[in-house]
Each structure stands twice: as structure tokens, then as C-alpha cells.
Amino acid sequence: MAFYRAHVLVCKGTGCNASGSSSVFDALGEEIRKRGLDQEVALVETGCHGMCEMGPIVVIYPEGSLYCRVSVDDVPEIVEEHLYKGRLVHRLLYTTPDRKVKVPRYRDIPFYSKQHRIALRNCGYINPDNIEEYIARDGYAALAKALTSMKPEEVLSEVKTSGLRGRGGGGFPTGLKWEFCRKAQGDKKYVICNADEGDPGAFMDRSILEGDPHAIIEGMTLGAYAMGADEGYIYCRAEYPLAIKRLVGAITHAEEFGLIGDNVMDTDFSFHLHIKEGAGAFVCGEETALLASIEGERGMPRPRPPFPANKGLWGKPSNINNVETWANVPNIIRNGGSWYASIGTEKSKGTKVFALTGKVNNTGLVEVPMGTTIRDIVFDMGGGILKDRKFKAVQIGGPSGGCLTEEHLDLPVDYESLTAAGAIMGSGGLVVMDEDTCMVDVAKFFLEFTQRESCGKCVPCREGTKQMLLILEKITSGKGRMEDLKILEDLAIMVKEMSLCGLGQTAPNPVLTTLRYFRDEYETHIRDKKCPAKACSALISYLIDPEKCKKCGLCARNCPVKCISGDRNTPYEIDQEKCIKCGTCLEVCPFQAVFKE
Amino acid sequence: MKVKSLEDLRKIKENAKDLTSARSGGETRVIVGMGTCGIAAGAREVMTAILEELEKRGLRHVAVETTGCIGMCQREPLVDIIRPGEPRITYGDVSPGDVPGIIEEHLVNGRVVEDKVVGQTD
């Protein structure tokens with residue numbers, strides 16, 4: 001093997017791929033060859049770095065320089081300047097939003113320097129299609145340690161010591177869940193990975209599957225060993241084609257290396273792993289619905305008990321954990337449960353990955369120790385609110401979570417404190433909202449999602465969410481009555497308490513938290529027929545200030561319904577009857593003469 | 001290529017180390033001046049010689065970097081060597097023929113090749 005003095009890592013995760021990283025990868029290969037550097041510079045494709053906003057991302061080692069939004073046109077300069085002459089291409093370096101400073105080194109970027117990466121530790125660092133790179137990073141060392149020197153009970157007890165809790169949202173202690181399955185009577189047991197990530201905006205599971213598939217395989221194999229299972233399923237939605245491709249490759253490689261399959265590492269332990277592609281129904285993330293779907297039934301939940309630990313897949317004892325939970329397991333076994341337990345808060349141990357989105361400068365995946373405050377995540381790692389606007393709220397936990405306000409900014413994020421505030425950890429979606437976001441509209445958005453995804457099996461969820469949505473639609477279109485708020489609240493509590501599964505039990509959370517923290521916004525919509533954030537189109541009108549109008553006619557030319565009239569001598573005016581409130585005039589006006597009211 | 005023991009896994013890891021070692025930054029750094037002046041004076045050939053020598057000796061912990069012109073163009077090709085905890089040594093007028101000697105003496109034996117040194121910084 002040649003001595004590669006430099007490694008060029010190109011992110012080929014779904015995010016960067018969508019912004020063109022594949023052609024950047026090819027162009028880099030071509031250019032490196034053309035410059036005669038192909039014997040000394042290695043080109044490697046990796047999984048997601050988490051900062052998809054800045055993609056396509058290219059990282060060059062040994063310097064550890066991270067280049068953002070690299071296009072094919074930038075490639076010759078990168079090769080000529082950085083790889084050939086050793087000079088950084090400054091214009092492509094990451095720039096901090098506040099002080100406009102260029103950061104030459106990957107690890108010094110605030111987005112990364114404050115993270116503590118355990119589940120994501122290999123994402124963006126190794127080639128996910130190369131099992132040897134995973135092994136080079138201590139991959140499968142935990143499995144080897146377990147199989148050669150630990151009894152299954154010892155593996156289980158390490159996981160218990162670690163304090164790891166379910167990262168899919170429930171937060172149930174993983175060790176305890178494993179113990180139930182281990183103690184369950186049965187000749188056949190299954191371990192299952194829930195990769196049916198469905199929360200809008202959350203993509204940590206996808207990134208792990210794409211960027212470090214072997215971590216899941218190793219974690220599941222360890223779980224199977226601890227619980228006495230010999231077969232496993234990864235339930236992954238078909239909308240994640242790249243994740244599935246990487247998993248298929250990784251399973252094949254692991255089988256070739258004898259790390260899964262019959263007689264793993266020449267021991268008596270055997271473990272066979274399959275992938276089941278789901279059709280992408282949100283409800284299939286609920287474990288009993290997921291089991292039904294693997295069995296070929298309609299993905300609908302059933303009442304528990306019996307719990308899957310006793311009666312799971314095909315009636316056999318089964319254990320289901322989320323992707324991120326499994327990804328933590330090899331690290332726990334390798335470094336010990338007490339190592340993991342030393343990170344985080346008293347009751348929530350370890351780290352959690354959050355998908356930071358919305359009105360924030362740096363969107364992407366961040367992995368932080370439990371107990372980190374929302375302020376640290378949004379303002380330090382996230383780089384603050386876009387365009388320096390005012391922070392208003394953060395929706396945590398996706399459509400099942402709740403909205404938290406400014407007063408919660410210093411809340412340490414862990415399972416207990418979030419639940420106390422009315423939100424949930426959920427899968428870790430974090431949507432940041434600024435002063436232009438209408439909270440009623442947000443509640444409506446998430447409810448639209450859960451209402452559509454309700455499987456319809458139980459009445460409270462099927463009918464309740466529909467009625468709630470109708471009320472919200474009334475309010476946002478200015479037809480609400482004050483008594484609606486009471487009905488909405490009653491319905492929400494009813495749906496929450498009476499639904500069969502987690503979907504319905506959590507669907508009212510966005511409504512309940514916005515009612516709790518932003519009730520005045522609901523009231524303004526109803527009483528004054530106004531949307532304070534000027535977001536609900538039925539309650540606003542676009543107007544032109546005749547003083548500021550320079551009569552250029554740009555608004556009239558761009559209006560899709562031709563409802564703006566005026567000429568060189570008379571200021572332009574919008575016909576409110578015809579206006580569809582698309583906002584185009586406001587966007588195109590160079591003089592800020594158009595405004596919303 | 002079945003992994004049958006801890007030893008097998010360790011062997012794969014040892015061989016695979018090179019795959020990712022360049023990404024951890026390396027403890028020892030060799031930096032070659034690749035400004036226009038350096039390239040004109042033959043820095044590319046020096047670079048190739050360095051990579052060949054490191055490969056031959058299996059010195060995987062060394063990070064080889066390039067840098068721009070530092071202003072001492074008349075002494076190019078310039079090669080800097082930084083060993084952990086030691087001052088940065090700059091060698092001047094380095095030819096490909098000098099490379100094996102410098103690597104053997106400085107990188108392997110830890111002795112600075114005095115007659116080629118043009119500067120040193122702490």
C-alpha cells in the first residue's frame with residue numbers, strides 16, 4: 001500500500017449527496033489523477049458530518065480542514081492550492097455567523113468543538129463501506145471482548161450500569177428491557193432495530209445507518225448475545241435507500257469476516273441479521289405496529305401487555321431498540337458501563353443526538369451530553385437565530401413533543417426535565433422558531449402530520465385528532481370562538497389519555513404546550529382576528545405604503561394574479577379582493593414599501 | 001478472512017490502522033515548502049522521495065504536509081520536521097538524495113542533521 005500523505009474525505013450522506021457531493025467526489029478523483037497525486041492522496045467517501053446545511057462537505061487530513069458548500073468548480077483550486085501547494089482555500093472555510101471569522105480546523109468549529117460524540121463518533125470519519133476502517137477505529141472490539149471474556153449476564157449488567165435509556169423517545173432503561181427479554185421463556189428470541197425514523201426533521205438514525213452501519217450490527221450482536229437471541233431484524237423505511245444499501249453491504253462484509261452468522265468468531269454463538277423494509281408509515285415506529293409490519297400484517301399497534309419482551313415477533317420474546325440506542329452499545333461494552341454513566345445527569349446518562357433545524361444558523365446533527373442546556377445547543381452550536389432575529393420557542397421531540405419558550409432556555413435537557421415542562425425527548429428533533437413563527441400555525445402543522453399518520457384503529461386518535469385539527473383550522477382562518485379553546489383542550493386531554501399507542505398519546509402535546517405557553521396568541525387569533533406573528537395568511541393583508549413606493553412597478557409585474565395596479569404617477573395599490581397573499585410583492589420590492597398587517 | 005480469535009481481529013486492526021492514521025494528525029510532522037519557489041527548486045521530487053522513504057521504512061505515524069512560501073526562496077526546497085516536544089527544524093537546499101539520510105537520522109534516530117539546517121523555532 002502506498003503512503004498516503006493526505007486523505008480527502010467527501011461526505012456522501014443523503015444531505016450532501018442531494019447538494020451534489022457525488023459529482024464533487026468524481027471531479028476530485030479526476031483532478032487528483034491529473035495532477036499526478038493519486039499515489040499520495042487518498043480519496044475517501046464518508047457518511048454524514050451532521051452539518052448538512054454546509055454541504056457538500058469536504059474534509060482534508062492531516063490538517064483537518066473542513067471546506068463548505070464545495071462545488072465542482074472549486075475542485076481544481078482545492079487540488080492545486082491545498083493538496084499541491086499546501087495553502088488553505090480560505091473562501092471555502094467555515095465562517096462563524098457572529099464574528100465572521102474563518103475557522104481553518106474542523107475541530108475548532110463551535111458546532112463540533114462543543115459536541116461529545118459517542119453514537120456519531122465514526123460518522124463522517126470513516127468509509128462506511130469499508131469494514132476495515134471500522135475495525136481500525138476499535139470496531140468489533142466490544143464484540144470480541146464480550147465473546148471471549150464475558151458471560152451474557154455480564155454484558156447485560158454493563159448495559160444496566162451504564163444507565164442507557166431508549167433513544168427512540170420513550171426513555172425506558174435499556175438494561176431493564178434487555179433483562180425482561182433475557183428472562184422470558186422461549187426457545188427462540190429476536191432482537192430488532194427500529195430504524196423507522198419518521199419525525200419530520202429528525203435524521204440522526206439515518207445518519208448513523210449511512211455513516212456507521214457496523215456500529216448497529218455490532219450493537220445488535222452484543223444484544224443478541226446478552227439476551228440469548230440468534231436472529232435479528234433491522235426495520236428500516238424504504239425512503240432511506242442509501243441507509244439500506246450501506247446496511248446490506250455492511251451485513252455482507254460482517255458475514256465474510258465471521259462477525260455475524262454461524263459460529264461468530266469461532267464460538268458457539270450464532271446470529272443472523274435481516275433487513276425488513278418498511279413502507280414509511282409513522283405509526284410503524286410504535287413497537288407493536290412495527291412487529292405486525294415485519295410479520296406482513298398491516299402496521300397497526302395492539303394493546304400491551306403482553307409486551308414484546310414476552311410475546312413479540314411471531315409470538316416469540318423480542319427486544320426492540322432504536323438505532324441510536326444500539327449505536328451506543330459497543331461503546332459501553334468496550335469502555336465499561338461506568339464510563340458511560342459518568343457522562344450526563346443523575347437520571348439521564350450519556351449523550352443524545354439532536355437534529356437542529358428551523359430558524360437557526362447552523363442546522364444539523366449535534367451530539368451533546370445529557371443535561372446540556374437548550375441555550376448551549378441553539379446559541380453556541382447552532383450559532384444563534386437566523387438574521388439575528390429574536391428567539392421565540394423551540395419544538396422539542398417532533399410532532400409528539402412540545403414547544404418550550406425563552407424561560408426554558410437554561411433548562412438542562414434530560415428525560416425528566418423535558419417531561420416536566422410538557423415536552424418529551426422524543427427522537428431528538430429540535431425545531432427553532434423566531435418571532436415570525438405563529439405558534440397556532442405550528443401546532444396545526446404538527447397535528448396535520450399526526451392526524452394524517454393516525455392508523456385509525458382506535459377512536460380517540462382517529463376522530464379526536466381530526467376534530468382538533470378542524471378547530472385549529474377555524475382559529476387560523478379567523479372563524480374561531482373563545483369556547484373553542486376549552487373544547488380543544490378537553491379533546492387534547494381525552495386523546496392523550498385514551499389513545500391506544502404512543503402516536504395518539506403524544507399527538508396532542510404540541511397543542512397542549514402552545515396552549516400553555518402561548519395562550520395569548522390563540523386568543524388574539526380569535527378575539528382580534530389577527531395573527532401576531534403575521535404568518536396565518538387568512539388573517540393578514542399585504543399593503544403598499546404610498547410614501548415609500550417609488551412606483552417602479554416591480555410588484556405588479558411579479559404578482560401572479562395581477563392584483564396590483566398603479567403607474568409612474570400614482571403609487572401602486574393591492575386589490576385585497578383578488579390578493580392570494582403569496583407574499584411575492586413583499587419579496588421583490590427593493591424599497592420595503594410592501595408590508596404585512 | 002474469517003475472524004476466529006481476538007488475535008485475528010487485532011491483526012486486521014493493525015493492518016487497517018494505516019487506512020485512517022493520516023486522519024488523526026500524526027505526532028511527527030514533515031512539512032514541505034510548496035510555494036512557486038519550492039516547486040521551481042524541485043520540491044515535488046523531494047516530496048516524492050520523502051513519501052517513498054516513509055513507505056519503505058513503514059513510518060506510519062508521520063504526517064506529511066505541504067505549505068506555502070515562507071520567504072526564504074533562495075534556500076528552497078525547504079523541509080521542516082517537527083517531533084513532539086522538540087523545536088521545529090527547517091532544512092534548506094534539500095535534494096531527493098538528502099531525504100533518506102534526513103529521515104534516518106532525524107526521524108528514526110532523533111539526531112538533527114546539522115549541516116542542512118537553516119533555522120529552528122521553538
# chains A, B, ... in the order shown; residues from 1 in each chain; ligands from 1
call {"tool": "residues_around", "arguments": {"residues": "stretch 88-99 of chain B", "least_positions_apart": "3", "cutoff": "10 Å", "atoms": "only C-alpha atoms", "output": "PDB file with C-alpha atoms, in the first residue's frame"}}
result
ATOM      1  CA  ARG B  29       5.075  16.252  11.089  1.00  0.00           C
ATOM      2  CA  VAL B  30       7.148  16.715   7.968  1.00  0.00           C
ATOM      3  CA  ILE B  31       6.284  19.887   6.093  1.00  0.00           C
ATOM      4  CA  VAL B  32       7.484  20.547   2.561  1.00  0.00           C
ATOM      5  CA  GLY B  33       7.559  24.104   1.138  1.00  0.00           C
ATOM      6  CA  GLY B  38       9.795  25.491  -3.803  1.00  0.00           C
ATOM      7  CA  ALA B  41      13.605  24.290  -6.969  1.00  0.00           C
ATOM      8  CA  GLY B  42      12.360  20.700  -7.064  1.00  0.00           C
ATOM      9  CA  ALA B  43      10.109  20.362  -4.017  1.00  0.00           C
ATOM     10  CA  ARG B  44       7.863  17.877  -5.826  1.00  0.00           C
ATOM     11  CA  GLU B  45      10.744  15.465  -6.302  1.00  0.00           C
ATOM     12  CA  VAL B  46      11.713  15.921  -2.651  1.00  0.00           C
ATOM     13  CA  MET B  47       8.113  15.188  -1.640  1.00  0.00           C
ATOM     14  CA  THR B  48       8.067  12.001  -3.709  1.00  0.00           C
ATOM     15  CA  ALA B  49      11.364  10.938  -2.172  1.00  0.00           C
ATOM     16  CA  ILE B  50      10.000  11.561   1.341  1.00  0.00           C
ATOM     17  CA  LEU B  51       6.865   9.515   0.689  1.00  0.00           C
ATOM     18  CA  GLU B  52       8.898   6.672  -0.787  1.00  0.00           C
ATOM     19  CA  GLU B  53      11.298   6.631   2.131  1.00  0.00           C
ATOM     20  CA  LEU B  54       8.489   6.693   4.729  1.00  0.00           C
ATOM     21  CA  MET B  72      13.473  32.100   2.170  1.00  0.00           C
ATOM     22  CA  CYS B  73      13.166  31.284  -1.503  1.00  0.00           C
ATOM     23  CA  GLN B  74      16.899  31.051  -2.200  1.00  0.00           C
ATOM     24  CA  ARG B  75      17.195  28.083   0.157  1.00  0.00           C
ATOM     25  CA  GLU B  76      14.283  26.079  -1.303  1.00  0.00           C
ATOM     26  CA  PRO B  77      13.392  23.225  -1.286  1.00  0.00           C
ATOM     27  CA  LEU B  78      12.741  23.686   2.422  1.00  0.00           C
ATOM     28  CA  VAL B  79      11.656  20.794   4.599  1.00  0.00           C
ATOM     29  CA  ASP B  80      10.530  21.231   8.222  1.00  0.00           C
ATOM     30  CA  ILE B  81      10.491  18.434  10.734  1.00  0.00           C
ATOM     31  CA  ILE B  82       8.534  18.702  13.976  1.00  0.00           C
ATOM     32  CA  ARG B  83       8.880  15.940  16.538  1.00  0.00           C
ATOM     33  CA  PRO B  84       6.651  16.085  19.598  1.00  0.00           C
ATOM     34  CA  GLY B  85       8.239  18.146  22.330  1.00  0.00           C
ATOM     35  CA  ILE B 102      17.484  13.114   6.991  1.00  0.00           C
ATOM     36  CA  ILE B 103      14.712  10.628   7.637  1.00  0.00           C
ATOM     37  CA  GLU B 104      17.045   8.041   9.061  1.00  0.00           C
ATOM     38  CA  GLU B 105      18.977  10.437  11.268  1.00  0.00           C
ATOM     39  CA  HIS B 106      16.254  12.823  12.370  1.00  0.00           C
ATOM     40  CA  VAL B 112      19.305  16.662  13.757  1.00  0.00           C
ATOM     41  CA  VAL B 113      21.354  16.717  10.516  1.00  0.00           C
ATOM     42  CA  GLU B 114      23.197  19.917  11.404  1.00  0.00           C
ATOM     43  CA  ASP B 115      24.847  20.788   8.085  1.00  0.00           C
ATOM     44  CA  LYS B 116      21.475  21.039   6.310  1.00  0.00           C
ATOM     45  CA  VAL B 117      19.740  23.121   8.974  1.00  0.00           C
ATOM     46  CA  VAL B 118      18.847  26.708   8.041  1.00  0.00           C
ATOM     47  CA  GLY B 119      16.685  27.555  11.021  1.00  0.00           C
ATOM     48  CA  GLN B 120      14.965  26.412  14.147  1.00  0.00           C
ATOM     49  CA  THR B 121      11.929  27.679  16.007  1.00  0.00           C
ATOM     50  CA  ASP B 122      10.592  26.616  19.381  1.00  0.00           C
TER      51      ASP B 122
END
call {"tool": "residues_around", "arguments": {"residues": "stretch 122-137 of chain A", "least_positions_apart": "4", "cutoff": "8 Å", "atoms": "only C-alpha atoms", "output": "list of chain:residue names"}}
result
A:Leu9, A:Cys11, A:Val44, A:Glu45, A:Thr46, A:Gly47, A:Cys48, A:His49, A:Ala141, A:Ser207, A:Ile208, A:Glu210, A:Gly211, A:Asp212, A:Pro213, A:His214, A:Arg246, A:Gly249, A:Ala250, A:His253, A:Ala254, B:Leu9, B:Ile12, B:Lys13, B:Glu14, B:Ala16, B:Lys17, B:Leu19, B:Thr20
call {"tool": "atom_distance", "arguments": {"atom1": "atom CA of A:Ile32", "atom2": "atom CA of B:Arg23"}}
result
18.3 Å
call {"tool": "closest_atom_pairs", "arguments": {"of": "chain A", "to": "chain B", "cutoff": "7 Å", "atoms": "only C-alpha atoms", "output": "CSV"}}
result
residue,atom,partner,partner_atom,distance
A:Ala2,CA,B:Glu55,CA,6.7
A:Phe3,CA,B:Glu55,CA,5.4
A:Arg5,CA,B:Val64,CA,5.2
A:Ala6,CA,B:Ala22,CA,6.5
A:His7,CA,B:Ala22,CA,6.7
A:Tyr61,CA,B:Arg23,CA,5.1
A:Pro62,CA,B:Gly25,CA,4.6
A:Glu63,CA,B:Gly25,CA,6.6
A:Lys85,CA,B:Met34,CA,4.6
A:Gly86,CA,B:Thr67,CA,4.1
A:Arg87,CA,B:Gly68,CA,5.8
A:Glu132,CA,B:Ala16,CA,5.7
A:Glu133,CA,B:Ala16,CA,6.3
A:Ile135,CA,B:Lys13,CA,5.5
A:Ala136,CA,B:Lys13,CA,4.7
A:Ala144,CA,B:Leu6,CA,6.1
A:Glu256,CA,B:Lys2,CA,6.5
A:Phe257,CA,B:Lys2,CA,4.4
A:Gly258,CA,B:Lys2,CA,4.9
A:Leu259,CA,B:Val3,CA,6.8
A:Met265,CA,B:Lys4,CA,4.3
A:Asp266,CA,B:Lys4,CA,5.0
call {"tool": "write_last_selection", "arguments": {"atoms": "N, CA, C and O atoms", "output": "CSV table (one decimal), in the first residue's frame"}}
result
chain,number,residue,atom,x,y,z
A,2,ALA,N,0.5,2.2,-0.8
A,2,ALA,CA,1.3,3.4,-0.9
A,2,ALA,C,1.1,4.3,0.4
A,2,ALA,O,0.2,4.1,1.1
A,3,PHE,N,2.0,5.2,0.6
A,3,PHE,CA,1.9,6.1,1.7
A,3,PHE,C,1.1,7.3,1.3
A,3,PHE,O,1.5,8.1,0.5
A,5,ARG,N,-0.1,10.6,2.0
A,5,ARG,CA,0.2,11.7,3.0
A,5,ARG,C,-1.1,12.5,3.3
A,5,ARG,O,-1.2,13.1,4.4
A,6,ALA,N,-2.1,12.5,2.5
A,6,ALA,CA,-3.3,13.3,2.7
A,6,ALA,C,-4.5,12.4,2.4
A,6,ALA,O,-4.5,11.6,1.5
A,7,HIS,N,-5.5,12.6,3.2
A,7,HIS,CA,-6.8,12.0,3.0
A,7,HIS,C,-7.9,13.0,2.7
A,7,HIS,O,-8.0,14.0,3.5
A,61,TYR,N,-7.4,15.8,5.6
A,61,TYR,CA,-6.4,15.5,6.7
A,61,TYR,C,-5.0,15.3,6.0
A,61,TYR,O,-5.0,15.1,4.8
A,62,PRO,N,-3.9,15.5,6.7
A,62,PRO,CA,-3.8,15.6,8.2
A,62,PRO,C,-4.1,17.0,8.8
A,62,PRO,O,-4.2,17.1,10.0
A,63,GLU,N,-4.3,18.0,8.0
A,63,GLU,CA,-4.6,19.3,8.6
A,63,GLU,C,-5.9,19.4,9.3
A,63,GLU,O,-6.1,20.1,10.2
A,85,LYS,N,0.0,22.7,-3.2
A,85,LYS,CA,0.9,23.8,-2.6
A,85,LYS,C,0.8,23.9,-1.1
A,85,LYS,O,1.5,24.7,-0.5
A,86,GLY,N,-0.2,23.3,-0.5
A,86,GLY,CA,-0.3,23.4,0.9
A,86,GLY,C,-0.9,24.7,1.5
A,86,GLY,O,-0.6,25.1,2.6
A,87,ARG,N,-1.7,25.4,0.6
A,87,ARG,CA,-2.3,26.6,1.1
A,87,ARG,C,-3.8,26.4,1.2
A,87,ARG,O,-4.4,25.8,0.3
A,132,GLU,N,-12.9,-2.6,7.3
A,132,GLU,CA,-11.6,-2.5,8.0
A,132,GLU,C,-11.4,-1.1,8.6
A,132,GLU,O,-10.7,-1.0,9.6
A,133,GLU,N,-11.9,-0.1,8.0
A,133,GLU,CA,-11.8,1.2,8.6
A,133,GLU,C,-12.6,1.2,10.0
A,133,GLU,O,-12.1,1.9,10.9
A,135,ILE,N,-13.0,-1.4,11.9
A,135,ILE,CA,-12.1,-2.2,12.8
A,135,ILE,C,-10.9,-1.3,13.3
A,135,ILE,O,-10.6,-1.4,14.4
A,136,ALA,N,-10.4,-0.5,12.4
A,136,ALA,CA,-9.3,0.3,12.8
A,136,ALA,C,-9.7,1.3,13.9
A,136,ALA,O,-8.8,1.7,14.6
A,144,ALA,N,-15.7,-8.8,20.4
A,144,ALA,CA,-14.6,-9.8,20.7
A,144,ALA,C,-14.4,-9.9,22.2
A,144,ALA,O,-14.3,-11.0,22.7
A,256,GLU,N,-18.8,-12.1,5.9
A,256,GLU,CA,-17.5,-12.6,5.4
A,256,GLU,C,-16.4,-12.7,6.4
A,256,GLU,O,-15.5,-13.5,6.4
A,257,PHE,N,-16.4,-11.7,7.4
A,257,PHE,CA,-15.4,-11.7,8.4
A,257,PHE,C,-15.8,-12.6,9.6
A,257,PHE,O,-15.0,-12.7,10.6
A,258,GLY,N,-16.9,-13.3,9.5
A,258,GLY,CA,-17.3,-14.2,10.5
A,258,GLY,C,-17.7,-13.5,11.8
A,258,GLY,O,-17.6,-14.0,12.9
A,259,LEU,N,-18.1,-12.2,11.7
A,259,LEU,CA,-18.5,-11.4,12.9
A,259,LEU,C,-20.0,-11.5,13.1
A,259,LEU,O,-20.5,-11.1,14.2
A,265,MET,N,-17.0,-15.6,15.4
A,265,MET,CA,-15.7,-15.7,15.9
A,265,MET,C,-15.3,-17.1,16.5
A,265,MET,O,-14.6,-17.2,17.5
A,266,ASP,N,-15.8,-18.1,15.7
A,266,ASP,CA,-15.5,-19.5,16.1
A,266,ASP,C,-16.0,-19.9,17.5
A,266,ASP,O,-15.4,-20.8,18.1
call {"tool": "closest_residue", "arguments": {"among": "A:Arg35, A:Lys100, A:Arg117, A:Lys12", "to": "A:Glu367", "atoms": "only C-alpha atoms"}}
result
A:Arg117
call {"tool": "select_by_dssp", "arguments": {"residues": "stretch 48-106 of chain B", "states": "helix (DSSP H, G or I)", "output": "VMD selection string"}}
result
chain B and resid 48 to 57 73 to 75 96 to 106
call {"tool": "write_last_selection", "arguments": {"atoms": "N, CA, C and O atoms", "output": "short mmCIF file (atom, residue, chain, number, x, y, z; two decimals), in the first residue's frame"}}
result
data_model
loop_
_atom_site.label_atom_id
_atom_site.label_comp_id
_atom_site.auth_asym_id
_atom_site.auth_seq_id
_atom_site.Cartn_x
_atom_site.Cartn_y
_atom_site.Cartn_z
N THR B 48 8.17 13.40 -3.28
CA THR B 48 8.07 12.00 -3.71
C THR B 48 9.10 11.14 -2.98
O THR B 48 8.80 10.04 -2.51
N ALA B 49 10.31 11.68 -2.85
CA ALA B 49 11.36 10.94 -2.17
C ALA B 49 11.00 10.69 -0.71
O ALA B 49 11.24 9.61 -0.17
N ILE B 50 10.40 11.70 -0.07
CA ILE B 50 10.00 11.56 1.34
C ILE B 50 8.96 10.45 1.47
O ILE B 50 9.07 9.56 2.32
N LEU B 51 7.94 10.51 0.60
CA LEU B 51 6.86 9.51 0.69
C LEU B 51 7.41 8.11 0.46
O LEU B 51 7.03 7.17 1.14
N GLU B 52 8.32 8.00 -0.50
CA GLU B 52 8.90 6.67 -0.79
C GLU B 52 9.68 6.15 0.41
O GLU B 52 9.59 4.98 0.78
N GLU B 53 10.46 7.03 1.00
CA GLU B 53 11.30 6.63 2.13
C GLU B 53 10.43 6.21 3.33
O GLU B 53 10.71 5.23 4.00
N LEU B 54 9.37 7.01 3.60
CA LEU B 54 8.49 6.69 4.73
C LEU B 54 7.81 5.35 4.51
O LEU B 54 7.67 4.53 5.41
N GLU B 55 7.41 5.14 3.24
CA GLU B 55 6.75 3.89 2.87
C GLU B 55 7.72 2.71 3.09
O GLU B 55 7.37 1.69 3.67
N LYS B 56 8.95 2.91 2.62
CA LYS B 56 9.96 1.86 2.71
C LYS B 56 10.21 1.48 4.17
O LYS B 56 10.38 0.33 4.53
N ARG B 57 10.23 2.51 5.02
CA ARG B 57 10.55 2.28 6.43
C ARG B 57 9.31 1.99 7.28
O ARG B 57 9.43 1.74 8.47
N CYS B 73 13.26 32.00 -0.23
CA CYS B 73 13.17 31.28 -1.50
C CYS B 73 14.52 30.76 -1.99
O CYS B 73 14.59 29.75 -2.67
N GLN B 74 15.60 31.47 -1.67
CA GLN B 74 16.90 31.05 -2.20
C GLN B 74 17.38 29.74 -1.61
O GLN B 74 18.26 29.10 -2.16
N ARG B 75 16.78 29.34 -0.46
CA ARG B 75 17.19 28.08 0.16
C ARG B 75 16.23 26.92 -0.12
O ARG B 75 16.36 25.85 0.44
N PRO B 96 16.44 15.32 -3.41
CA PRO B 96 15.89 13.99 -3.15
C PRO B 96 16.95 13.06 -2.55
O PRO B 96 16.63 12.20 -1.72
N GLY B 97 18.20 13.27 -2.92
CA GLY B 97 19.27 12.41 -2.40
C GLY B 97 19.50 12.59 -0.91
O GLY B 97 19.98 11.68 -0.22
N ASP B 98 19.15 13.80 -0.39
CA ASP B 98 19.35 14.05 1.04
C ASP B 98 18.29 13.37 1.90
O ASP B 98 18.48 13.19 3.11
N VAL B 99 17.16 13.07 1.27
CA VAL B 99 15.98 12.65 2.04
C VAL B 99 16.21 11.40 2.89
O VAL B 99 15.96 11.44 4.10
N PRO B 100 16.75 10.30 2.32
CA PRO B 100 16.91 9.10 3.16
C PRO B 100 17.75 9.38 4.40
O PRO B 100 17.43 8.94 5.50
N GLY B 101 18.82 10.17 4.22
CA GLY B 101 19.70 10.49 5.35
C GLY B 101 18.98 11.26 6.43
O GLY B 101 19.07 10.95 7.61
N ILE B 102 18.21 12.29 6.02
CA ILE B 102 17.48 13.11 6.99
C ILE B 102 16.46 12.27 7.73
O ILE B 102 16.33 12.35 8.96
N ILE B 103 15.75 11.43 6.99
CA ILE B 103 14.71 10.63 7.64
C ILE B 103 15.33 9.63 8.61
O ILE B 103 14.89 9.49 9.74
N GLU B 104 16.41 9.01 8.17
CA GLU B 104 17.05 8.04 9.06
C GLU B 104 17.59 8.71 10.32
O GLU B 104 17.30 8.28 11.45
N GLU B 105 18.34 9.78 10.13
CA GLU B 105 18.98 10.44 11.27
C GLU B 105 17.97 11.14 12.18
O GLU B 105 17.92 10.92 13.37
N HIS B 106 17.13 11.98 11.55
CA HIS B 106 16.25 12.82 12.37
C HIS B 106 15.00 12.09 12.85
O HIS B 106 14.70 12.06 14.04
#
call {"tool": "closest_residue", "arguments": {"among": "A:Leu37, A:Val588, A:Leu365, A:Cys579", "to": "A:Cys552", "atoms": "only C-alpha atoms"}}
result
A:Val588
call {"tool": "residues_around", "arguments": {"residues": "A:Met370", "least_positions_apart": "2", "cutoff": "9 Å", "atoms": "only C-alpha atoms", "output": "short mmCIF file (atom, residue, chain, number, x, y, z; two decimals) with N, CA and C atoms, in the first residue's frame"}}
result
data_model
loop_
_atom_site.label_atom_id
_atom_site.label_comp_id
_atom_site.auth_asym_id
_atom_site.auth_seq_id
_atom_site.Cartn_x
_atom_site.Cartn_y
_atom_site.Cartn_z
N ILE A 343 -21.06 10.22 32.19
CA ILE A 343 -21.45 11.33 31.32
C ILE A 343 -22.94 11.58 31.54
N GLY A 344 -23.34 12.83 31.53
CA GLY A 344 -24.77 13.14 31.61
C GLY A 344 -25.21 13.55 33.00
N THR A 345 -26.52 13.44 33.26
CA THR A 345 -27.08 13.88 34.54
C THR A 345 -27.38 12.67 35.42
N SER A 348 -30.36 10.75 33.60
CA SER A 348 -30.21 10.56 32.16
C SER A 348 -28.72 10.50 31.86
N LYS A 349 -28.25 9.33 31.51
CA LYS A 349 -26.82 9.14 31.31
C LYS A 349 -26.44 9.23 29.84
N GLY A 350 -25.17 9.54 29.63
CA GLY A 350 -24.63 9.51 28.28
C GLY A 350 -24.95 10.75 27.47
N THR A 351 -25.03 10.55 26.17
CA THR A 351 -25.24 11.68 25.26
C THR A 351 -26.54 11.48 24.49
N LYS A 352 -26.98 12.54 23.83
CA LYS A 352 -28.13 12.42 22.95
C LYS A 352 -27.85 13.21 21.68
N VAL A 368 -24.67 15.82 22.23
CA VAL A 368 -24.21 16.51 23.44
C VAL A 368 -24.50 15.64 24.66
N THR A 372 -27.08 19.19 28.90
CA THR A 372 -26.69 20.42 28.21
C THR A 372 -27.93 21.31 28.09
N THR A 373 -27.77 22.61 28.21
CA THR A 373 -28.95 23.47 28.14
C THR A 373 -29.35 23.74 26.69
N PRO A 412 -31.74 22.18 31.63
CA PRO A 412 -30.84 21.11 31.20
C PRO A 412 -31.67 20.03 30.50
N VAL A 413 -31.23 19.65 29.32
CA VAL A 413 -32.02 18.70 28.56
C VAL A 413 -31.80 17.28 29.07
N ASP A 414 -32.78 16.74 29.75
CA ASP A 414 -32.79 15.31 30.04
C ASP A 414 -34.24 14.83 30.08
N TYR A 415 -34.42 13.53 30.20
CA TYR A 415 -35.78 12.99 30.08
C TYR A 415 -36.74 13.64 31.08
#
